[in-house]
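Written out below as structure tokens is the structure these notes cover.
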Amino acid sequence: MDKMNRKKQKLIEIFLITFFFIIFVILFQLQSFIIAMLLVTSLVIILYFKNEIIKIILPKKTKSILNFIFFDIFLIISMIIIFGNDVFTNELDFKKYFFISILLLFYLFFSVIPQEIIFRFLFFYRYKDYFDQNEILLLNSLVFCFCHIIYFDIYILLFSFFGNLLFSFNYMKNKSLLLVTIEHFLIGQTLIILGFFNNFNFSLIKKLYNLVLIN
């Protein structure tokens, strides 16, 4: 009974945190400040849980790393083939791609890593003892998905949910923050460059990509 009560308490806690975050951002129109919010939150978490984070950076199961890499390469190539259109047949402007490479680093350090610190490390660290693997996998993906409601785009919600299922599954399997960060970065930047999230109007990263690619 106590375990069930604790589980219910944690479910209520997850719901309230997610709900008030969404309402707060939408009510005060803070979508453009999400990067700053992610960065500050992740830095606080890193300072508070430094030792715990260090323990899970590198993978403990080295045998599955190759499968992890090959699957992600296959997934990215498949997305390029299916959705790439003429991305690689048009004339390349290397000045634009130079700036894109800088933006990729910005995306990695100011978006992907903070998200992984919050949604992978902190979420699993706080809630993994209260839910089984399937429950926490679903909960984590739902929370990650619902937090993207602030962008008012159904495609972002879908990609967020199914992408997060993959990230969280690999995080549980490989016990590595580094691997899942690489995976999130590779898949996320591929989708952005291929032109997804055209309605991602409040995303600073999307605005920067558009500025480089369109001008």
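Quick note on naming: the chains in the structure tokens go A, B, ... in the order shown, residues restart at 1 in each chain, and ligands are numbered from 1 in order of appearance.
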Fewer than 2 positions away in the same chain doesn't count, so skip those; otherwise give me all residues within 12 Å of Ile54 in chain A, counting only C-alpha atoms, as a VMD selection string.
-> chain A and resid 46 to 52 56 to 59 117 121 175 to 178
Surrounding residues of range 63-77 of chain A excluding itself and chain neighbours under 3 positions, 7 Å, only C-alpha atoms, as an MDAnalysis selection string | chainID A and resid 80:81 183 187
Would you list the contacts of Leu38 in chain A as an MDAnalysis selection string, taking every protein, DNA or RNA residue within 12 Å and counting only C-alpha atoms, but skipping same-chain residues closer than 6 positions in sequence?
-> chainID A and resid 21 31:32 44:45 107 109:119 147
Residue contacts of range 141-146 of chain A (7 Å, only C-alpha atoms) excluding same-chain residues fewer than 4 positions away, as JSON, numbers by chain = {"A": [18, 137, 157, 160, 161, 164, 165]}
Selection file, N, CA, C and O atoms, as a PDB file, in the first residue's frame:
ATOM      1  N   THR A  18       4.944  19.261 -14.869  1.00  0.00           N
ATOM      2  CA  THR A  18       4.762  19.404 -16.322  1.00  0.00           C
ATOM      3  C   THR A  18       3.682  20.420 -16.640  1.00  0.00           C
ATOM      4  O   THR A  18       3.856  21.295 -17.505  1.00  0.00           O
ATOM      5  N   LEU A 137       9.515   4.490 -18.961  1.00  0.00           N
ATOM      6  CA  LEU A 137       9.759   4.788 -20.374  1.00  0.00           C
ATOM      7  C   LEU A 137       8.599   5.588 -20.957  1.00  0.00           C
ATOM      8  O   LEU A 137       8.798   6.606 -21.633  1.00  0.00           O
ATOM      9  N   LEU A 157       5.222  17.345 -31.529  1.00  0.00           N
ATOM     10  CA  LEU A 157       4.759  16.439 -30.478  1.00  0.00           C
ATOM     11  C   LEU A 157       5.030  14.983 -30.851  1.00  0.00           C
ATOM     12  O   LEU A 157       5.513  14.196 -30.035  1.00  0.00           O
ATOM     13  N   SER A 160       8.753  14.275 -30.910  1.00  0.00           N
ATOM     14  CA  SER A 160       9.258  14.323 -29.539  1.00  0.00           C
ATOM     15  C   SER A 160       8.931  13.035 -28.790  1.00  0.00           C
ATOM     16  O   SER A 160       9.779  12.488 -28.080  1.00  0.00           O
ATOM     17  N   PHE A 161       7.714  12.562 -28.960  1.00  0.00           N
ATOM     18  CA  PHE A 161       7.297  11.361 -28.237  1.00  0.00           C
ATOM     19  C   PHE A 161       8.070  10.135 -28.712  1.00  0.00           C
ATOM     20  O   PHE A 161       8.681   9.421 -27.913  1.00  0.00           O
ATOM     21  N   ASN A 164      11.820  10.374 -28.155  1.00  0.00           N
ATOM     22  CA  ASN A 164      12.167  10.190 -26.754  1.00  0.00           C
ATOM     23  C   ASN A 164      12.058   8.733 -26.318  1.00  0.00           C
ATOM     24  O   ASN A 164      12.820   8.288 -25.453  1.00  0.00           O
ATOM     25  N   LEU A 165      11.128   7.997 -26.906  1.00  0.00           N
ATOM     26  CA  LEU A 165      11.071   6.560 -26.630  1.00  0.00           C
ATOM     27  C   LEU A 165      12.402   5.899 -26.961  1.00  0.00           C
ATOM     28  O   LEU A 165      12.916   5.077 -26.203  1.00  0.00           O
TER      29      LEU A 165
END
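Taking CA of Phe19 in chain A as the reference point, CA of Phe123 in chain A is found at 15.6 Å.
Candidate residues A:Tyr171, A:Phe159, A:Tyr125, A:Tyr151 were compared for distance to Ile34 in chain A, and the nearest is A:Tyr151, using only C-alpha atoms.
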What separation in Å, quoted to one decimal, exists between CA of Met37 in chain A and CA of Lys8 in chain A?
-> 27.9 Å
Find the distance between CA of Ile26 in chain A and CA of Ile150 in chain A and write it in Å to one decimal.
-> 6.0 Å
